[in-house]
file target.txt (compact mmCIF, C-alpha atoms)
# COMPACT_ATOMS: atom_id res chain seq x y z
CA MET A 117 99.61 128.43 91.37
CA TYR A 118 101.16 125.64 93.44
CA ASP A 119 100.91 126.65 97.11
CA VAL A 120 103.21 124.29 98.98
CA GLN A 121 102.17 125.67 102.36
CA GLN A 122 98.54 124.86 101.60
CA VAL A 123 99.61 121.41 100.45
CA ARG A 124 101.51 120.88 103.70
CA ALA A 125 98.39 121.80 105.66
CA ASP A 126 96.69 118.76 104.09
CA PHE A 127 99.18 116.40 105.81
CA PRO A 128 98.57 116.26 109.58
CA ILE A 129 101.83 114.50 110.42
CA LEU A 130 103.90 117.38 109.05
CA ALA A 131 102.81 119.53 112.00
CA ARG A 132 104.52 117.29 114.55
CA GLU A 133 107.96 117.55 116.07
CA VAL A 134 110.66 114.87 116.23
CA ASN A 135 113.26 115.12 118.99
CA GLY A 136 112.02 118.61 119.78
CA LYS A 137 112.50 119.80 116.19
CA PRO A 138 109.96 120.35 113.38
CA LEU A 139 109.72 117.21 111.29
CA THR A 140 111.63 117.44 108.00
CA TYR A 141 110.45 114.31 106.22
CA LEU A 142 112.83 113.36 103.40
CA ASP A 143 112.17 109.62 103.24
CA ASN A 144 109.49 109.79 100.58
CA GLY A 145 111.32 107.32 98.35
CA ALA A 146 110.63 104.63 100.95
CA SER A 147 107.08 105.65 101.80
CA ALA A 148 105.19 108.93 101.62
CA GLN A 149 102.97 110.58 104.21
CA LYS A 150 99.18 110.65 103.82
CA PRO A 151 96.91 113.66 103.24
CA GLN A 152 93.76 114.12 105.30
CA ALA A 153 91.66 113.11 102.27
CA VAL A 154 93.23 109.64 102.36
CA ILE A 155 92.95 109.35 106.14
CA ASP A 156 89.26 110.33 105.91
CA ALA A 157 88.60 107.82 103.13
CA VAL A 158 90.17 105.01 105.15
CA MET A 159 88.34 106.00 108.34
CA ARG A 160 85.01 106.22 106.51
CA GLY A 161 85.66 102.91 104.79
CA TYR A 162 86.05 101.14 108.13
CA ALA A 163 83.70 103.19 110.32
CA GLU A 164 80.71 103.68 108.01
CA GLU A 165 80.88 101.57 104.86
CA TYR A 166 82.82 98.37 105.47
CA SER A 167 81.73 95.03 104.08
CA ASN A 168 83.24 92.46 101.76
CA VAL A 169 82.93 93.29 98.09
CA HIS A 170 81.21 91.54 95.18
CA ARG A 171 78.08 89.37 95.38
CA GLY A 172 76.94 90.60 98.81
CA LEU A 173 73.71 92.16 97.47
CA HIS A 174 73.10 94.02 100.73
CA THR A 175 73.53 97.78 101.14
CA LEU A 176 77.00 97.84 102.72
CA SER A 177 78.43 95.27 100.32
CA ASN A 178 77.04 97.17 97.35
CA LEU A 179 78.50 100.42 98.70
CA SER A 180 81.93 98.89 99.36
CA THR A 181 81.92 97.29 95.92
CA GLU A 182 81.02 100.59 94.28
CA ARG A 183 83.78 102.46 96.12
CA TYR A 184 86.33 99.71 95.51
CA GLU A 185 85.67 99.17 91.81
CA ALA A 186 85.59 102.91 91.13
CA VAL A 187 89.29 102.95 91.99
CA ARG A 188 90.04 100.85 88.91
CA GLY A 189 88.86 103.73 86.74
CA THR A 190 90.81 106.21 88.89
CA VAL A 191 94.03 104.24 88.39
CA ALA A 192 93.36 104.03 84.66
CA ARG A 193 92.93 107.80 84.44
CA PHE A 194 96.03 108.41 86.54
CA LEU A 195 98.15 106.19 84.26
CA GLY A 196 96.55 107.24 80.99
CA ALA A 197 95.21 103.73 80.33
CA ALA A 198 92.50 103.47 77.69
CA ASP A 199 90.63 100.60 79.37
CA GLU A 200 90.19 100.11 83.12
CA ARG A 201 89.91 96.37 82.50
CA GLU A 202 93.68 96.45 81.90
CA ILE A 203 94.19 97.46 85.56
CA VAL A 204 94.85 94.63 88.02
CA PHE A 205 94.79 95.48 91.71
CA THR A 206 97.79 94.29 93.73
CA SER A 207 99.28 94.84 97.17
CA GLY A 208 102.02 96.91 95.51
CA THR A 209 104.68 96.78 92.83
CA THR A 210 106.31 93.67 94.31
CA GLU A 211 103.14 91.62 93.85
CA GLY A 212 102.65 93.09 90.39
CA ILE A 213 106.11 92.01 89.26
CA ASN A 214 105.64 88.56 90.77
CA LEU A 215 102.32 88.29 88.94
CA VAL A 216 104.18 88.83 85.67
CA CYS A 217 106.90 86.39 86.71
CA TYR A 218 104.58 83.54 87.63
CA GLY A 219 101.65 84.32 85.39
CA TRP A 220 103.28 85.35 82.12
CA LEU A 221 107.00 84.55 81.92
CA MET A 222 107.33 81.30 83.87
CA PRO A 223 105.06 79.29 81.52
CA ARG A 224 107.12 80.30 78.49
CA ILE A 225 110.69 80.51 79.82
CA GLU A 226 113.20 77.93 78.56
CA PRO A 227 116.76 77.23 79.74
CA GLY A 228 119.04 79.86 78.24
CA ASP A 229 116.26 82.40 77.68
CA GLU A 230 117.27 85.89 78.76
CA ILE A 231 115.88 88.64 80.98
CA VAL A 232 117.55 92.03 80.51
CA LEU A 233 117.87 94.25 83.60
CA SER A 234 119.56 97.51 84.44
CA VAL A 235 121.99 97.62 87.33
CA MET A 236 119.73 100.24 88.97
CA GLU A 237 116.82 97.89 89.67
CA HIS A 238 115.17 97.55 93.06
CA HIS A 239 115.30 94.05 94.54
CA ALA A 240 111.57 93.72 93.76
CA ASN A 241 112.55 93.83 90.09
CA ILE A 242 115.50 91.48 90.52
CA VAL A 243 114.65 88.65 92.91
CA PRO A 244 111.66 87.25 90.94
CA TRP A 245 113.90 86.91 87.90
CA HIS A 246 116.48 85.09 90.03
CA PHE A 247 113.71 82.59 90.79
CA LEU A 248 113.56 81.88 87.07
CA ARG A 249 117.34 81.71 86.87
CA GLU A 250 117.52 79.23 89.74
CA ARG A 251 114.53 77.09 88.80
CA HIS A 252 114.25 77.32 85.02
CA GLY A 253 117.73 78.15 83.75
CA ALA A 254 117.01 81.73 82.70
CA VAL A 255 119.97 84.04 82.08
CA LEU A 256 120.06 87.53 83.57
CA LYS A 257 121.79 90.14 81.40
CA TRP A 258 122.82 93.35 83.12
CA VAL A 259 123.16 96.81 81.61
CA GLU A 260 125.43 99.31 83.38
CA THR A 261 124.74 103.00 83.90
CA ASP A 262 126.88 105.84 82.59
CA PRO A 263 129.27 107.53 85.06
CA ASP A 264 126.65 110.19 85.87
CA GLY A 265 124.05 107.54 86.62
CA ALA A 266 122.16 107.88 83.34
CA LEU A 267 120.90 104.75 81.59
CA ASP A 268 121.39 104.82 77.83
CA PRO A 269 118.26 103.35 76.19
CA GLN A 270 120.34 102.13 73.27
CA ALA A 271 122.59 100.17 75.63
CA VAL A 272 119.50 98.34 76.88
CA ILE A 273 118.25 97.74 73.36
CA ASP A 274 121.68 96.47 72.27
CA ALA A 275 121.60 93.92 75.11
CA ILE A 276 118.45 92.34 73.67
CA GLY A 277 119.17 89.20 71.71
CA PRO A 278 117.14 86.49 69.97
CA LYS A 279 116.66 84.64 73.28
CA THR A 280 115.53 87.69 75.28
CA ARG A 281 111.99 87.20 76.54
CA LEU A 282 111.65 90.22 78.80
CA VAL A 283 113.25 93.57 79.57
CA ALA A 284 112.56 94.61 83.18
CA VAL A 285 113.53 98.21 83.89
CA THR A 286 112.79 101.00 86.32
CA HIS A 287 111.24 104.24 85.11
CA MET A 288 113.02 106.19 87.89
CA SER A 289 115.84 104.93 90.10
CA ASN A 290 114.95 104.87 93.77
CA VAL A 291 118.63 105.52 94.62
CA LEU A 292 119.93 107.93 91.98
CA GLY A 293 116.71 109.59 90.84
CA THR A 294 117.67 108.79 87.23
CA VAL A 295 114.68 109.01 84.87
CA VAL A 296 114.84 106.36 82.17
CA ASP A 297 113.52 106.82 78.62
CA VAL A 298 111.33 103.76 78.88
CA ALA A 299 109.34 104.61 75.75
CA ALA A 300 112.50 104.30 73.64
CA ILE A 301 113.37 101.01 75.33
CA VAL A 302 109.87 99.66 74.73
CA LYS A 303 109.99 100.51 71.04
CA GLY A 304 113.41 98.94 70.60
CA ALA A 305 112.44 95.84 72.56
CA HIS A 306 109.21 95.33 70.65
CA ASP A 307 111.07 95.69 67.36
CA LYS A 308 113.22 92.78 68.54
CA GLY A 309 110.29 90.70 69.77
CA ALA A 310 110.83 91.16 73.53
CA ALA A 311 108.26 92.26 76.07
CA VAL A 312 108.89 95.05 78.60
CA LEU A 313 107.98 95.42 82.25
CA VAL A 314 108.41 98.87 83.79
CA ASP A 315 108.74 99.40 87.52
CA GLY A 316 106.86 102.66 87.99
CA SER A 317 107.11 102.77 91.79
CA GLN A 318 109.06 106.06 91.84
CA ALA A 319 108.21 107.68 88.50
CA ALA A 320 104.44 107.57 88.96
CA VAL A 321 104.85 109.59 92.17
CA HIS A 322 106.84 112.41 90.60
CA LEU A 323 106.03 112.55 86.88
CA PRO A 324 102.97 112.44 84.64
CA VAL A 325 102.73 108.88 83.31
CA ASP A 326 100.98 107.86 80.09
CA VAL A 327 101.11 104.10 79.66
CA GLY A 328 99.54 104.44 76.23
CA ALA A 329 102.43 106.59 75.04
CA ILE A 330 105.04 104.44 76.79
CA GLY A 331 103.62 101.24 75.31
CA ALA A 332 105.05 98.85 77.92
CA ASP A 333 103.46 95.43 78.26
CA PHE A 334 103.40 95.80 82.05
CA TYR A 335 103.58 98.94 84.23
CA ALA A 336 103.48 98.48 88.02
CA ILE A 337 102.81 101.05 90.77
CA THR A 338 102.61 100.92 94.56
CA GLY A 339 100.18 102.87 96.73
CA HIS A 340 102.23 103.68 99.80
CA LYS A 341 104.67 105.81 97.79
CA LEU A 342 101.73 107.56 96.08
CA TYR A 343 100.52 109.09 99.36
CA GLY A 344 98.12 106.19 99.78
CA PRO A 345 97.92 103.24 102.19
CA SER A 346 100.41 100.42 102.35
CA GLY A 347 99.03 97.19 100.93
CA SER A 348 97.56 98.99 97.90
CA GLY A 349 98.76 99.09 94.32
CA ALA A 350 98.07 98.12 90.74
CA ILE A 351 99.65 96.97 87.52
CA HIS A 352 98.63 97.95 84.01
CA ILE A 353 98.76 94.96 81.66
CA ARG A 354 98.14 95.24 77.95
CA ARG A 355 95.10 93.21 76.99
CA GLU A 356 96.98 90.89 74.66
CA ARG A 357 99.40 90.03 77.46
CA MET A 358 96.50 89.40 79.84
CA ASP A 359 95.14 86.87 77.38
CA GLU A 360 98.49 85.03 77.49
CA MET A 361 98.66 84.87 81.30
CA ARG A 362 97.68 82.17 83.72
CA PRO A 363 96.50 83.05 87.23
CA PHE A 364 99.17 83.69 89.84
CA MET A 365 97.00 82.71 92.83
CA GLY A 366 93.84 80.65 93.12
CA GLY A 367 90.87 81.26 95.36
CA GLY A 368 87.62 83.14 95.57
CA ASP A 369 86.62 85.93 93.18
CA MET A 370 88.92 84.82 90.35
CA ILE A 371 86.63 82.04 89.16
CA ARG A 372 83.27 81.69 87.44
CA GLU A 373 82.71 78.01 88.23
CA VAL A 374 84.42 75.40 90.38
CA HIS A 375 83.61 71.69 90.08
CA ARG A 376 85.29 68.51 91.24
CA ASP A 377 87.03 68.01 87.91
CA GLU A 378 87.03 71.48 86.36
CA VAL A 379 87.51 75.16 87.12
CA VAL A 380 86.40 78.02 84.87
CA TYR A 381 88.27 81.26 85.48
CA ALA A 382 86.73 84.72 85.54
CA GLU A 383 87.59 87.20 82.83
CA PRO A 384 90.54 89.54 83.44
CA PRO A 385 91.23 91.52 85.51
CA MET A 386 89.30 89.46 88.09
CA LYS A 387 91.14 86.34 86.92
CA PHE A 388 94.27 87.71 88.62
CA GLU A 389 92.68 88.95 91.87
CA ALA A 390 92.17 85.94 94.12
CA GLY A 391 90.71 86.17 97.60
CA THR A 392 89.30 88.97 99.68
CA PRO A 393 91.14 92.08 98.52
CA ALA A 394 92.58 94.99 100.45
CA ILE A 395 89.27 96.82 100.13
CA VAL A 396 89.82 99.91 102.25
CA GLN A 397 93.47 100.21 101.25
CA GLN A 398 92.52 100.40 97.58
CA ILE A 399 89.78 102.91 98.35
CA GLY A 400 92.47 104.95 100.11
CA LEU A 401 94.67 104.65 97.02
CA GLY A 402 91.85 106.05 94.92
CA ALA A 403 91.59 109.02 97.28
CA ALA A 404 95.36 109.57 97.05
CA LEU A 405 95.35 109.53 93.26
CA ASP A 406 92.38 111.91 93.17
CA TYR A 407 94.31 114.20 95.49
CA MET A 408 97.40 114.13 93.26
CA MET A 409 95.41 114.66 90.08
CA GLY A 410 93.64 117.55 91.82
CA LEU A 411 97.02 119.21 92.38
CA GLY A 412 98.04 118.34 88.82
CA MET A 413 100.93 116.01 88.05
CA GLU A 414 102.58 118.69 85.92
CA ASN A 415 102.43 121.09 88.87
CA ILE A 416 103.87 118.48 91.23
CA ALA A 417 106.67 117.72 88.76
CA ALA A 418 107.50 121.43 88.38
CA HIS A 419 107.59 121.96 92.15
CA GLU A 420 109.85 118.97 92.67
CA ALA A 421 112.12 120.00 89.79
CA SER A 422 112.63 123.34 91.53
CA LEU A 423 113.45 121.53 94.77
CA ARG A 424 115.83 119.23 92.92
CA ASP A 425 117.73 122.12 91.40
CA TYR A 426 118.02 123.93 94.71
CA ALA A 427 119.02 120.79 96.61
CA ARG A 428 121.59 119.95 93.95
CA GLU A 429 123.15 123.40 94.28
CA ARG A 430 123.30 123.19 98.08
CA LEU A 431 124.48 119.57 98.34
CA PHE A 432 127.10 119.81 95.59
CA GLY A 433 128.43 122.86 97.41
CA LEU A 434 129.55 120.64 100.29
CA ASN A 435 132.99 119.50 99.11
CA TRP A 436 133.12 116.76 101.74
CA LEU A 437 129.88 115.19 100.54
CA LYS A 438 129.81 112.73 97.64
CA VAL A 439 126.48 112.73 95.82
CA HIS A 440 125.92 109.66 93.68
CA GLY A 441 124.26 110.21 90.32
CA ASP A 442 123.73 113.45 88.46
CA ALA A 443 121.92 112.42 85.30
CA PRO A 444 120.17 115.18 83.34
CA GLY A 445 116.50 115.49 84.26
CA LYS A 446 116.80 113.29 87.33
CA GLY A 447 114.16 113.29 90.05
CA ALA A 448 114.52 114.95 93.45
CA ILE A 449 116.30 111.96 95.00
CA PHE A 450 119.84 112.33 96.34
CA SER A 451 122.01 109.50 97.65
CA PHE A 452 125.25 110.53 99.31
CA THR A 453 128.20 109.48 101.44
CA MET A 454 130.53 111.61 103.53
CA ALA A 455 134.28 111.96 103.18
CA GLY A 456 136.23 110.42 106.02
CA GLY A 457 134.29 107.17 106.10
CA ALA A 458 131.37 108.21 108.33
CA HIS A 459 128.82 105.41 108.17
CA PRO A 460 125.45 106.33 106.62
CA HIS A 461 123.69 104.86 109.66
CA ASP A 462 125.55 107.30 111.92
CA ILE A 463 124.75 110.19 109.61
CA SER A 464 121.07 109.26 109.59
CA THR A 465 121.00 109.02 113.38
CA ILE A 466 122.49 112.48 113.81
CA LEU A 467 120.12 113.96 111.23
CA ASP A 468 117.21 112.43 113.11
CA LYS A 469 118.25 114.36 116.23
CA LYS A 470 117.61 117.49 114.16
CA GLY A 471 114.19 116.21 113.06
CA VAL A 472 115.42 115.25 109.57
CA ALA A 473 114.22 111.85 108.35
CA VAL A 474 116.37 110.23 105.65
CA ARG A 475 116.97 106.61 104.69
CA ALA A 476 120.31 104.84 105.23
CA GLY A 477 121.35 101.48 103.81
CA HIS A 478 121.48 99.74 100.45
CA HIS A 479 117.94 100.83 99.50
CA CYS A 480 117.11 97.34 98.20
CA ALA A 481 119.53 97.93 95.34
CA GLY A 482 122.45 95.57 95.97
CA PRO A 483 123.77 95.44 92.38
CA LEU A 484 123.76 99.23 92.18
CA MET A 485 125.64 99.51 95.47
CA ASP A 486 128.26 97.11 94.08
CA HIS A 487 128.41 99.21 90.91
CA LEU A 488 128.93 102.38 92.97
CA GLY A 489 131.53 100.73 95.18
CA GLU A 490 129.50 101.43 98.31
CA THR A 491 127.94 99.19 100.94
CA ALA A 492 125.39 101.84 101.89
CA THR A 493 124.43 105.46 101.32
CA CYS A 494 122.15 108.04 102.90
CA ARG A 495 119.21 109.06 100.74
CA ALA A 496 117.16 112.25 100.91
CA SER A 497 114.07 111.91 98.72
CA PHE A 498 111.71 114.82 98.26
CA GLY A 499 107.96 114.87 97.72
CA LEU A 500 105.16 117.22 96.81
CA TYR A 501 105.03 118.81 100.29
CA ASN A 502 108.73 119.52 100.80
CA THR A 503 110.17 123.04 100.70
CA ARG A 504 113.40 124.88 100.01
CA GLY A 505 113.56 125.65 103.72
CA GLU A 506 113.74 121.91 104.35
CA VAL A 507 116.65 121.67 101.92
CA ASP A 508 118.40 124.27 104.07
CA THR A 509 117.55 122.30 107.22
CA LEU A 510 119.06 119.17 105.66
CA VAL A 511 122.26 121.01 104.74
CA GLU A 512 122.57 122.52 108.22
CA ALA A 513 122.14 119.07 109.78
CA LEU A 514 124.75 117.62 107.40
CA GLU A 515 127.20 120.35 108.39
CA LEU A 516 126.69 119.33 112.01
CA CYS A 517 127.34 115.72 111.03
CA HIS A 518 130.56 116.73 109.33
CA ASP A 519 131.68 118.64 112.40
CA LEU A 520 131.01 115.58 114.57
CA LEU A 521 132.08 112.79 112.22
CA GLY A 522 134.23 114.32 109.49
call {"tool": "encode", "arguments": {"input": "target.txt", "output": "structure tokens"}}
result
Amino acid sequence: MYDVQQVRADFPILAREVNGKPLTYLDNGASAQKPQAVIDAVMRGYAEEYSNVHRGLHTLSNLSTERYEAVRGTVARFLGAADEREIVFTSGTTEGINLVCYGWLMPRIEPGDEIVLSVMEHHANIVPWHFLRERHGAVLKWVETDPDGALDPQAVIDAIGPKTRLVAVTHMSNVLGTVVDVAAIVKGAHDKGAAVLVDGSQAAVHLPVDVGAIGADFYAITGHKLYGPSGSGAIHIRRERMDEMRPFMGGGDMIREVHRDEVVYAEPPMKFEAGTPAIVQQIGLGAALDYMMGLGMENIAAHEASLRDYARERLFGLNWLKVHGDAPGKGAIFSFTMAGGAHPHDISTILDKKGVAVRAGHHCAGPLMDHLGETATCRASFGLYNTRGEVDTLVEALELCHDLLG
């Protein structure tokens, strides 16, 4: 039985007030709050166990190394990866995508080669490919969404041509909540000889993920959305792709030998993890993933689906509110604008006065905003600790906004 009130008790920040009102935190799509288990792991990591990892040989270094490296197995279990050596630690999805850009695609891209993207992508899954367009002559091919915000897998597959090297696609839109059938895209792309990178930043938070079943060449996640610390994250890379990659950054820990005229790299995944890592942040990520797996990803998904359905009913009942995207099976993410031209920043400011935290802006999704014909929207994004009562609080605050701005 999923007890959301017990879950909420695990998050200290949810007990606070904002502007004299109980905090209603609906900005989870940007960054999620942290349970006490994560806070404790981070505090312990700094207060009792901190040292640099690998090769220290003293007690604290060995302890830090043990805690840090154990997270690799935790991430593998969370993502359904068969081999933890296919998990590369990163500072988040952005670094993971850039690792693929510089380490795998850049060495093999030729002028005129194509990268297929959906119009829903976050800037983190757009800008690195523009680097290759600007510097190496790559061509970006864009796939539009359906009117309800759904992304047809066949439309993506049909966009793949003989010069397509990579398909880069989100698993869940951070703006519309659209869930993409990435497994179908992967199969179609592989049949045509193209590799696939999946941005799992949102989907891994809300849905059970099995990278073995999905089959993507690269699957990136970020810790701060997964109820873990900022500066933590990972990317799953299929072993055969790892063998094709060159290091993204050079420095300590990613080498076996360094001489004046030669360098011998470490074996993956260490080959792609240069420098002193974010030790405590990754330990915190491990605690966050353990916490989520303890709740059960299926239970989290069911709770959020119930919230989604209730929020959809309430928000679509406001005839002066335009909700963008209503794809079947979407996540509990709602982007909206208000009739009468009220600016999303003004809406967000008024909601904040009622203790309701939402995001306003383009959500790092410029092409999607252009596609929607909007410069900005407000976004309410729900997480594992949100309640139906908070949906009601959001609606009441929006009704106040309409009275003031409509």
call {"tool": "residues_around", "arguments": {"input": "target.txt", "residues": "A:Arg357", "least_positions_apart": "5", "cutoff": "12 Å", "atoms": "only C-alpha atoms", "output": "PDB file with C-alpha atoms, in the coordinates of the input"}}
result
ATOM      1  CA  GLU A 202      93.680  96.450  81.900  1.00  0.00           C
ATOM      2  CA  LEU A 215     102.320  88.290  88.940  1.00  0.00           C
ATOM      3  CA  VAL A 216     104.180  88.830  85.670  1.00  0.00           C
ATOM      4  CA  GLY A 219     101.650  84.320  85.390  1.00  0.00           C
ATOM      5  CA  TRP A 220     103.280  85.350  82.120  1.00  0.00           C
ATOM      6  CA  LEU A 221     107.000  84.550  81.920  1.00  0.00           C
ATOM      7  CA  ALA A 311     108.260  92.260  76.070  1.00  0.00           C
ATOM      8  CA  VAL A 312     108.890  95.050  78.600  1.00  0.00           C
ATOM      9  CA  LEU A 313     107.980  95.420  82.250  1.00  0.00           C
ATOM     10  CA  ALA A 332     105.050  98.850  77.920  1.00  0.00           C
ATOM     11  CA  ASP A 333     103.460  95.430  78.260  1.00  0.00           C
ATOM     12  CA  PHE A 334     103.400  95.800  82.050  1.00  0.00           C
ATOM     13  CA  TYR A 335     103.580  98.940  84.230  1.00  0.00           C
ATOM     14  CA  HIS A 352      98.630  97.950  84.010  1.00  0.00           C
ATOM     15  CA  ARG A 362      97.680  82.170  83.720  1.00  0.00           C
ATOM     16  CA  PRO A 384      90.540  89.540  83.440  1.00  0.00           C
ATOM     17  CA  PRO A 385      91.230  91.520  85.510  1.00  0.00           C
TER      18      PRO A 385
END
call {"tool": "atom_distance", "arguments": {"input": "target.txt", "atom1": "atom CA of A:Gly344", "atom2": "atom CA of A:Thr209"}}
result
13.4 Å
call {"tool": "atom_distance", "arguments": {"input": "target.txt", "atom1": "atom CA of A:Gly136", "atom2": "atom CA of A:Asp468"}}
result
10.5 Å
call {"tool": "residues_near_point", "arguments": {"input": "target.txt", "point": "(128.8, 108.9, 108.5)", "cutoff": "12 Å", "atoms": "all atoms listed in the file", "output": "PyMOL selection string"}}
result
chain A and resi 436-438+452-467+476-477+492-494+514-522
call {"tool": "closest_residue", "arguments": {"input": "target.txt", "among": "A:Leu434, A:Val204, A:Ala310, A:Leu179", "to": "A:Ser348", "atoms": "all atoms listed in the file"}}
result
A:Val204
call {"tool": "decode", "arguments": {"input": "target.txt", "residues": "stretch 427-486 of chain A", "atoms": "C-alpha atoms", "output": "PDB file, in the first residue's frame"}}
result
ATOM      1  CA  ALA A 427      -5.006  16.970 -12.235  1.00  0.00           C
ATOM      2  CA  ARG A 428      -6.082  16.549 -15.850  1.00  0.00           C
ATOM      3  CA  GLU A 429      -9.741  16.540 -14.813  1.00  0.00           C
ATOM      4  CA  ARG A 430      -9.350  19.655 -12.660  1.00  0.00           C
ATOM      5  CA  LEU A 431      -7.132  21.647 -15.047  1.00  0.00           C
ATOM      6  CA  PHE A 432      -9.113  20.837 -18.188  1.00  0.00           C
ATOM      7  CA  GLY A 433     -12.190  21.995 -16.311  1.00  0.00           C
ATOM      8  CA  LEU A 434     -10.844  25.560 -16.320  1.00  0.00           C
ATOM      9  CA  ASN A 435     -12.082  26.853 -19.679  1.00  0.00           C
ATOM     10  CA  TRP A 436      -9.744  29.853 -19.523  1.00  0.00           C
ATOM     11  CA  LEU A 437      -6.660  27.665 -19.131  1.00  0.00           C
ATOM     12  CA  LYS A 438      -4.892  26.162 -22.139  1.00  0.00           C
ATOM     13  CA  VAL A 439      -3.060  22.947 -21.275  1.00  0.00           C
ATOM     14  CA  HIS A 440      -0.447  21.961 -23.831  1.00  0.00           C
ATOM     15  CA  GLY A 441      -0.182  18.271 -24.644  1.00  0.00           C
ATOM     16  CA  ASP A 442      -2.610  15.494 -23.828  1.00  0.00           C
ATOM     17  CA  ALA A 443      -0.969  12.387 -25.239  1.00  0.00           C
ATOM     18  CA  PRO A 444      -2.303   9.036 -24.002  1.00  0.00           C
ATOM     19  CA  GLY A 445      -0.286   7.678 -21.078  1.00  0.00           C
ATOM     20  CA  LYS A 446       1.552  10.938 -20.477  1.00  0.00           C
ATOM     21  CA  GLY A 447       3.335  11.637 -17.215  1.00  0.00           C
ATOM     22  CA  ALA A 448       2.087  13.953 -14.473  1.00  0.00           C
ATOM     23  CA  ILE A 449       3.544  17.079 -16.096  1.00  0.00           C
ATOM     24  CA  PHE A 450       1.251  19.914 -17.192  1.00  0.00           C
ATOM     25  CA  SER A 451       2.333  23.003 -19.110  1.00  0.00           C
ATOM     26  CA  PHE A 452      -0.280  25.710 -19.491  1.00  0.00           C
ATOM     27  CA  THR A 453      -1.025  29.289 -20.470  1.00  0.00           C
ATOM     28  CA  MET A 454      -3.939  31.495 -19.478  1.00  0.00           C
ATOM     29  CA  ALA A 455      -6.480  33.133 -21.760  1.00  0.00           C
ATOM     30  CA  GLY A 456      -6.174  36.890 -21.946  1.00  0.00           C
ATOM     31  CA  GLY A 457      -2.417  36.940 -22.394  1.00  0.00           C
ATOM     32  CA  ALA A 458      -1.326  36.776 -18.733  1.00  0.00           C
ATOM     33  CA  HIS A 459       2.418  36.177 -18.731  1.00  0.00           C
ATOM     34  CA  PRO A 460       3.558  32.865 -17.214  1.00  0.00           C
ATOM     35  CA  HIS A 461       6.034  34.753 -15.022  1.00  0.00           C
ATOM     36  CA  ASP A 462       3.160  36.745 -13.494  1.00  0.00           C
ATOM     37  CA  ILE A 463       1.138  33.584 -12.985  1.00  0.00           C
ATOM     38  CA  SER A 464       4.067  31.884 -11.271  1.00  0.00           C
ATOM     39  CA  THR A 465       4.617  34.878  -8.996  1.00  0.00           C
ATOM     40  CA  ILE A 466       1.001  34.912  -7.858  1.00  0.00           C
ATOM     41  CA  LEU A 467       1.006  31.149  -7.295  1.00  0.00           C
ATOM     42  CA  ASP A 468       4.120  31.540  -5.160  1.00  0.00           C
ATOM     43  CA  LYS A 469       2.214  33.914  -2.876  1.00  0.00           C
ATOM     44  CA  LYS A 470      -0.074  30.957  -2.180  1.00  0.00           C
ATOM     45  CA  GLY A 471       2.887  28.666  -1.474  1.00  0.00           C
ATOM     46  CA  VAL A 472       2.637  26.916  -4.854  1.00  0.00           C
ATOM     47  CA  ALA A 473       5.963  26.406  -6.626  1.00  0.00           C
ATOM     48  CA  VAL A 474       5.759  25.973 -10.408  1.00  0.00           C
ATOM     49  CA  ARG A 475       8.220  26.705 -13.210  1.00  0.00           C
ATOM     50  CA  ALA A 476       7.691  29.486 -15.765  1.00  0.00           C
ATOM     51  CA  GLY A 477       9.645  30.014 -18.975  1.00  0.00           C
ATOM     52  CA  HIS A 478      10.679  28.020 -22.028  1.00  0.00           C
ATOM     53  CA  HIS A 479      11.836  25.028 -19.943  1.00  0.00           C
ATOM     54  CA  CYS A 480      15.017  24.681 -22.024  1.00  0.00           C
ATOM     55  CA  ALA A 481      12.869  23.566 -24.949  1.00  0.00           C
ATOM     56  CA  GLY A 482      13.064  26.379 -27.503  1.00  0.00           C
ATOM     57  CA  PRO A 483      12.094  24.338 -30.581  1.00  0.00           C
ATOM     58  CA  LEU A 484       9.053  22.962 -28.770  1.00  0.00           C
ATOM     59  CA  MET A 485       7.979  26.451 -27.712  1.00  0.00           C
ATOM     60  CA  ASP A 486       8.223  27.539 -31.365  1.00  0.00           C
TER      61      ASP A 486
END
